[in-house]
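Remarks on the structure that follows.
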Amino acid sequence: MNQHHIEVIVSADKFKNNISYIRERVQPSELCVVMKANAYGHGLKDLAPTAVAAGADYIGICTNPEATIIRDLGLDVKLLRLRMALSQELQESIESLNIEEQIGSIEAANYLSEAGINKGKKIPVHINIDTGMGRSGFYSNQIDELKRVCGLSGIDIVGIMTHFASSDGEDLDFTRKQIEDFYKAREVLKDYVDHKVLTHTHNSAATVRVSNESNRLVRVGAACYGVRTSQDFENPPELEPVMSVKTRVAQVRQVPKGKTIGYGSLFTTQRDSLIASLPVGFGEGYPRSLFNKGIVLIKGYRCPVVGRVSLNITTVDITDIPEPVEWGDEVVLIGTQGSEEITFEELADKFASVHTEINLMAGFMNQVSYV
Ligand SMILES: *Cc1c(COP(=O)(O)O)cnc(C)c1O
């Protein structure tokens with residue numbers, strides 16, 4: 001069934017080009033393409049084969065259903081879970097999903113090791129070092145615990161990792177401190193793990209900004225989707241946005257000066273205006289908080305959202321467009337039209353969020369079509 005009122009377009013080609021660019025840039029490191037949260041809203045099932053074709057050694061996931069999608073596709077790729085697993089998740093993972101788990105506690109390490117011994121195999125794991133993210137992991141000075149983990153016979157330590165808290169910030173001092181702390185843990189573990197162990201620290205922002213020379217794997221999400229990784233730092237021009245979102249004009253109306261528009265009557269026309277109604281609202285994932293702040297593109301012009309965004313309708317001021325706008329004309333919510341562009345970052349800035357949240361709204365509505 002065709003839907004006409006909104007198009008969420010995902011370019012597998014651009015996704016592939018972005019990954020190839022990152023692949024090249026991080027050589028000879030292995031690459032984990034992060035596809036958690038349904039590939040940041042872009043659609044895991046449809047894009048996973050592209051990620052593998054473009055050279056992903058790993059796909060980063062969080063949940064067992066995500067892992068199941070990849071396994072059902074029969075893709076030859078390693079899976080890395082990007083958070084601590086629940087014991088319930090581990091049972092299924094060990095049985096059939098073959099996910100490389102991160103461990104950040106003795107409890108989880110023991111659980112996995114015992115499961116491995118029972119199964120008669122060594123379960124591949126990554127030791128998570130908390131160097132400042134504060135969500136999970138061992139501190140670098142928990143030397144006894146780290147050594148104990150290394151001594152467990154049912155697990156195989158294939159990776160040692162940490163995660164940066166502010167590699168997207170203006171100031172990289174904290175990231176450098178985290179790297180130093182990680183090196184300490186790596187040094188402690190050196191004699192207890194295979195020399196081929198994959199050490200990994202870098203997410204998108206770090207991959208774009210900080211040398212990765214001494215690590216053997218990077219975990220890149222945002223950059224693969226072409227969204228900017230840092231407010232303080234432009235992406236390399238090679239990275240292009242993968243998703244765009246379009247709708248059409250549902251009605252054009254002449255609205256006299258002094259009329260109010262939308263729920264709460266929070267916008268009043270300050271002049272005789274031309275107002276276009278669009279057939280999308282927060283029900284389609286267009287953020288409600290873009291009230292009086294959002295911008296859309298029509299005929300290549302930037303048009304402000306006026307009044308509250310409704311569940312399925314948004315109103316925009318098109319008075320300043322010098323050419324006629326008609327019922328059914330294309331409207332770009334995110335993407336380019338003519339020489340203008342609206343990025344996820346721009347919208348995210350306007351409603352004080354991160355681009356990923358907007359990607360997810362679009363993806364959450366499951367309205368994606370692939371080109
Ligand atoms: C989500 C995640 C990443 C990817 O982060 P991006 O900024 O999107 O590249 C990397 N590592 C871990 C542990 C993550 O949870």
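For the structure tokens, the naming scheme is as follows: chains receive sequential letters (A, B, ...) according to their order of presentation, residues are indexed from 1 within each chain, and ligands are indexed from 1 in presentation order.
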Mind running chain A against ligand 1 at 8 Å and telling me each contacting residue's nearest atom pair with the distance in Å (one decimal), counting only C-alpha atoms and all ligand atoms, chain and number ascending, as JSON lines?
```
{"residue": "A:Val34", "atom": "CA", "partner": "ligand 1", "partner_atom_place_in_ligand_line": "4 (C)", "distance": 5.6}
{"residue": "A:Lys36", "atom": "CA", "partner": "ligand 1", "partner_atom_place_in_ligand_line": "1 (C)", "distance": 7.0}
{"residue": "A:Gly60", "atom": "CA", "partner": "ligand 1", "partner_atom_place_in_ligand_line": "2 (C)", "distance": 7.7}
{"residue": "A:Leu82", "atom": "CA", "partner": "ligand 1", "partner_atom_place_in_ligand_line": "13 (C)", "distance": 4.7}
{"residue": "A:Arg83", "atom": "CA", "partner": "ligand 1", "partner_atom_place_in_ligand_line": "15 (O)", "distance": 6.4}
{"residue": "A:Thr162", "atom": "CA", "partner": "ligand 1", "partner_atom_place_in_ligand_line": "13 (C)", "distance": 7.3}
{"residue": "A:His163", "atom": "CA", "partner": "ligand 1", "partner_atom_place_in_ligand_line": "13 (C)", "distance": 5.4}
{"residue": "A:Thr201", "atom": "CA", "partner": "ligand 1", "partner_atom_place_in_ligand_line": "11 (N)", "distance": 7.6}
{"residue": "A:His202", "atom": "CA", "partner": "ligand 1", "partner_atom_place_in_ligand_line": "10 (C)", "distance": 7.0}
{"residue": "A:Asn203", "atom": "CA", "partner": "ligand 1", "partner_atom_place_in_ligand_line": "9 (O)", "distance": 4.1}
{"residue": "A:Ser204", "atom": "CA", "partner": "ligand 1", "partner_atom_place_in_ligand_line": "9 (O)", "distance": 3.5}
{"residue": "A:Ala205", "atom": "CA", "partner": "ligand 1", "partner_atom_place_in_ligand_line": "7 (O)", "distance": 6.0}
{"residue": "A:Val218", "atom": "CA", "partner": "ligand 1", "partner_atom_place_in_ligand_line": "10 (C)", "distance": 8.0}
{"residue": "A:Arg219", "atom": "CA", "partner": "ligand 1", "partner_atom_place_in_ligand_line": "10 (C)", "distance": 4.7}
{"residue": "A:Val220", "atom": "CA", "partner": "ligand 1", "partner_atom_place_in_ligand_line": "9 (O)", "distance": 3.9}
{"residue": "A:Gly221", "atom": "CA", "partner": "ligand 1", "partner_atom_place_in_ligand_line": "8 (O)", "distance": 3.5}
{"residue": "A:Ala222", "atom": "CA", "partner": "ligand 1", "partner_atom_place_in_ligand_line": "8 (O)", "distance": 3.8}
{"residue": "A:Ala223", "atom": "CA", "partner": "ligand 1", "partner_atom_place_in_ligand_line": "9 (O)", "distance": 6.2}
{"residue": "A:Cys224", "atom": "CA", "partner": "ligand 1", "partner_atom_place_in_ligand_line": "9 (O)", "distance": 8.0}
{"residue": "A:Thr229", "atom": "CA", "partner": "ligand 1", "partner_atom_place_in_ligand_line": "7 (O)", "distance": 6.4}
```
Q. Counting only C-alpha atoms, what is within 9 Å of segment 13-25 of chain A, bar same-chain residues fewer than 6 positions away, as a count of residues only?
A. 22
Q: Considering only C-alpha atoms, state which residue in the set A:Ser153, A:Gln337, A:Thr319, A:Gln231 is at the smallest distance from Ser244 of chain A.
A: A:Gln337
Q: Using only C-alpha atoms, determine which residues lie at most 10 Å from Lys45 of chain A, disregarding the query and same-chain residues fewer than 4 positions distant; provide the list as an MDAnalysis selection string.
A: chainID A and resid 35 38:39 49:50 66 69:70 72:73
Q: Within 12 Å of Tyr183 of chain A, counting only C-alpha atoms, which residues show up once you throw out same-chain ones fewer than 3 positions away? Write them as a PyMOL selection string, please.
A: chain A and resi 129-131+139-141+160-162+176-180+186-190+199-201+214-215
Would you export the selected residues with N, CA and C atoms as a compact mmCIF listing (two decimals), in the first residue's frame, please?
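Below is the file out-v1.txt, written as the result:
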```
# COMPACT_ATOMS: atom_id res chain seq x y z
N ILE A 129 36.19 -1.23 30.56
CA ILE A 129 36.86 -0.40 31.57
C ILE A 129 36.13 0.94 31.65
N ASP A 130 35.70 1.30 32.87
CA ASP A 130 35.04 2.61 33.03
C ASP A 130 36.11 3.68 33.27
N THR A 131 36.35 4.46 32.24
CA THR A 131 37.36 5.52 32.38
C THR A 131 36.70 6.89 32.54
N TYR A 139 36.90 -0.21 37.07
CA TYR A 139 37.87 0.89 37.08
C TYR A 139 39.27 0.32 36.80
N SER A 140 40.13 1.14 36.25
CA SER A 140 41.45 0.65 35.87
C SER A 140 42.27 0.23 37.10
N ASN A 141 41.89 0.74 38.30
CA ASN A 141 42.66 0.34 39.48
C ASN A 141 42.08 -0.90 40.20
N ILE A 160 39.28 -5.48 24.88
CA ILE A 160 39.30 -4.61 26.07
C ILE A 160 38.85 -3.24 25.56
N MET A 161 37.84 -2.68 26.23
CA MET A 161 37.23 -1.48 25.66
C MET A 161 36.92 -0.43 26.71
N THR A 162 36.73 0.78 26.23
CA THR A 162 36.12 1.83 27.07
C THR A 162 35.26 2.70 26.17
N ARG A 176 41.15 12.79 26.53
CA ARG A 176 42.57 12.41 26.66
C ARG A 176 42.82 11.73 27.99
N LYS A 177 42.19 12.23 29.05
CA LYS A 177 42.31 11.59 30.37
C LYS A 177 41.77 10.17 30.32
N GLN A 178 40.63 10.02 29.64
CA GLN A 178 40.04 8.68 29.53
C GLN A 178 41.00 7.74 28.79
N ILE A 179 41.62 8.24 27.74
CA ILE A 179 42.55 7.41 26.97
C ILE A 179 43.71 6.98 27.87
N GLU A 180 44.26 7.93 28.62
CA GLU A 180 45.39 7.61 29.52
C GLU A 180 45.00 6.52 30.52
N ARG A 186 45.04 -1.36 30.16
CA ARG A 186 45.59 -2.20 29.09
C ARG A 186 46.96 -2.75 29.49
N GLU A 187 47.71 -1.90 30.15
CA GLU A 187 49.06 -2.28 30.59
C GLU A 187 48.96 -3.40 31.65
N VAL A 188 48.02 -3.21 32.60
CA VAL A 188 47.83 -4.22 33.65
C VAL A 188 47.47 -5.57 33.02
N LEU A 189 46.62 -5.51 32.00
CA LEU A 189 46.07 -6.75 31.44
C LEU A 189 47.01 -7.42 30.43
N LYS A 190 48.02 -6.68 30.02
CA LYS A 190 48.89 -7.11 28.92
C LYS A 190 49.40 -8.55 29.09
N THR A 199 41.81 -3.96 21.29
CA THR A 199 41.52 -2.87 22.22
C THR A 199 40.68 -1.84 21.45
N HIS A 200 39.66 -1.29 22.11
CA HIS A 200 38.83 -0.32 21.39
C HIS A 200 38.22 0.73 22.31
N THR A 201 38.26 1.95 21.82
CA THR A 201 37.79 3.11 22.57
C THR A 201 36.92 4.04 21.73
N SER A 214 46.68 3.40 18.32
CA SER A 214 47.09 2.31 19.18
C SER A 214 45.96 1.32 19.49
N ASN A 215 44.83 1.46 18.81
CA ASN A 215 43.74 0.51 19.03
C ASN A 215 43.42 -0.28 17.76
```
